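Enquirer: Below are the structure tokens for one structure; questions will follow.
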Amino acid sequence: MPEIRATRSLGVAIGLVIQIIVAVCVFLAIGLAAVILSFAIDICEIHKLAPPWVILGMKALETMLWIVDVVCCVLFVLKEAQVFTITLLKRGE
């Protein structure tokens, strides 16, 4: 059976992919919370379950969730790409 050898750069690349998968999962979890909040806002508006200032606050919270979600995901991926690049450059591969 042939022997498979992996270089260190392959190990670093696999680590990067795993970190990005984790970032996407966190992104999806926070995005799901924002979507659920959006549905709750719609229900509150349709059935008039909350005063307008509460609905406005919920909409602001939803918007903040989306903004924070996107910014954190982008920063996380950029940081991991930076670590990946620095690691490869230090090893000279």
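By convention here, the chains of the structure tokens are called A, B, ... in the order presented, each chain's residues are numbered starting at 1, and ligands are numbered starting at 1 in the order presented.
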Quick one: everything within 12 Å of A:Glu45, counting only C-alpha atoms, minus sequence neighbours fewer than 5 positions away in the same chain. Send it as a list in words.

Expert: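 Once the adjacent positions are removed, what remains is Ser38, Phe39, Ala40, Ala50, Pro51, Pro52, Trp53, Val54, Ile55, Leu56, Met58 and Lys59 of chain A.
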
Enquirer: Write out as a PyMOL selection string which residues come within 6 Å of stretch 26-36 of chain A when counting only C-alpha atoms, dropping same-chain ones fewer than 3 positions away.

Expert: chain A and resi 23+39+62+69

Enquirer: To one decimal place, how far is atom CA of A:Ile21 from atom CA of A:Leu61 in Å?

Expert: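 The value is 25.8 Å.
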
Enquirer: Hey, what's within 10 Å of A:Phe76 if we count only C-alpha atoms and toss same-chain stuff fewer than 3 positions away? As a VMD selection string, please?

Expert: chain A and resid 19 to 20 22 to 24 70 to 73 79 to 82

Enquirer: Export N, CA and C atoms of the chosen residues as a PDB file, in the first residue's frame?

Expert:
ATOM      1  N   GLN A  19     -10.915  26.187  10.880  1.00  0.00           N
ATOM      2  CA  GLN A  19     -11.257  27.454  11.526  1.00  0.00           C
ATOM      3  C   GLN A  19     -12.331  28.202  10.738  1.00  0.00           C
ATOM      4  N   ILE A  20     -12.249  28.164   9.417  1.00  0.00           N
ATOM      5  CA  ILE A  20     -13.246  28.849   8.597  1.00  0.00           C
ATOM      6  C   ILE A  20     -14.600  28.155   8.713  1.00  0.00           C
ATOM      7  N   VAL A  22     -15.676  26.598  11.363  1.00  0.00           N
ATOM      8  CA  VAL A  22     -16.185  27.029  12.671  1.00  0.00           C
ATOM      9  C   VAL A  22     -16.766  28.440  12.573  1.00  0.00           C
ATOM     10  N   ALA A  23     -16.061  29.336  11.869  1.00  0.00           N
ATOM     11  CA  ALA A  23     -16.549  30.714  11.709  1.00  0.00           C
ATOM     12  C   ALA A  23     -17.888  30.738  10.990  1.00  0.00           C
ATOM     13  N   VAL A  24     -18.039  29.923   9.963  1.00  0.00           N
ATOM     14  CA  VAL A  24     -19.297  29.878   9.219  1.00  0.00           C
ATOM     15  C   VAL A  24     -20.421  29.345  10.109  1.00  0.00           C
ATOM     16  N   VAL A  70     -21.768  39.865  10.463  1.00  0.00           N
ATOM     17  CA  VAL A  70     -20.951  39.989   9.246  1.00  0.00           C
ATOM     18  C   VAL A  70     -19.549  40.494   9.577  1.00  0.00           C
ATOM     19  N   VAL A  71     -19.452  41.517  10.403  1.00  0.00           N
ATOM     20  CA  VAL A  71     -18.137  42.076  10.749  1.00  0.00           C
ATOM     21  C   VAL A  71     -17.263  41.041  11.449  1.00  0.00           C
ATOM     22  N   CYS A  72     -17.820  40.326  12.410  1.00  0.00           N
ATOM     23  CA  CYS A  72     -17.041  39.319  13.141  1.00  0.00           C
ATOM     24  C   CYS A  72     -16.603  38.178  12.239  1.00  0.00           C
ATOM     25  N   CYS A  73     -17.478  37.740  11.359  1.00  0.00           N
ATOM     26  CA  CYS A  73     -17.126  36.653  10.448  1.00  0.00           C
ATOM     27  C   CYS A  73     -15.995  37.079   9.507  1.00  0.00           C
ATOM     28  N   LYS A  79      -8.241  37.188   9.900  1.00  0.00           N
ATOM     29  CA  LYS A  79      -7.221  36.869  10.901  1.00  0.00           C
ATOM     30  C   LYS A  79      -6.653  35.467  10.674  1.00  0.00           C
ATOM     31  N   GLU A  80      -7.511  34.513  10.389  1.00  0.00           N
ATOM     32  CA  GLU A  80      -7.043  33.149  10.145  1.00  0.00           C
ATOM     33  C   GLU A  80      -6.208  33.079   8.868  1.00  0.00           C
ATOM     34  N   ALA A  81      -6.595  33.827   7.838  1.00  0.00           N
ATOM     35  CA  ALA A  81      -5.797  33.868   6.605  1.00  0.00           C
ATOM     36  C   ALA A  81      -4.430  34.494   6.873  1.00  0.00           C
ATOM     37  N   GLN A  82      -4.395  35.512   7.723  1.00  0.00           N
ATOM     38  CA  GLN A  82      -3.126  36.145   8.092  1.00  0.00           C
ATOM     39  C   GLN A  82      -2.236  35.150   8.841  1.00  0.00           C
TER      40      GLN A  82
END

Enquirer: What does the structure give for the distance between atom CA of A:Leu10 and atom CA of A:Leu78, in Å to one decimal?

Expert: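 It comes out at 18.8 Å.
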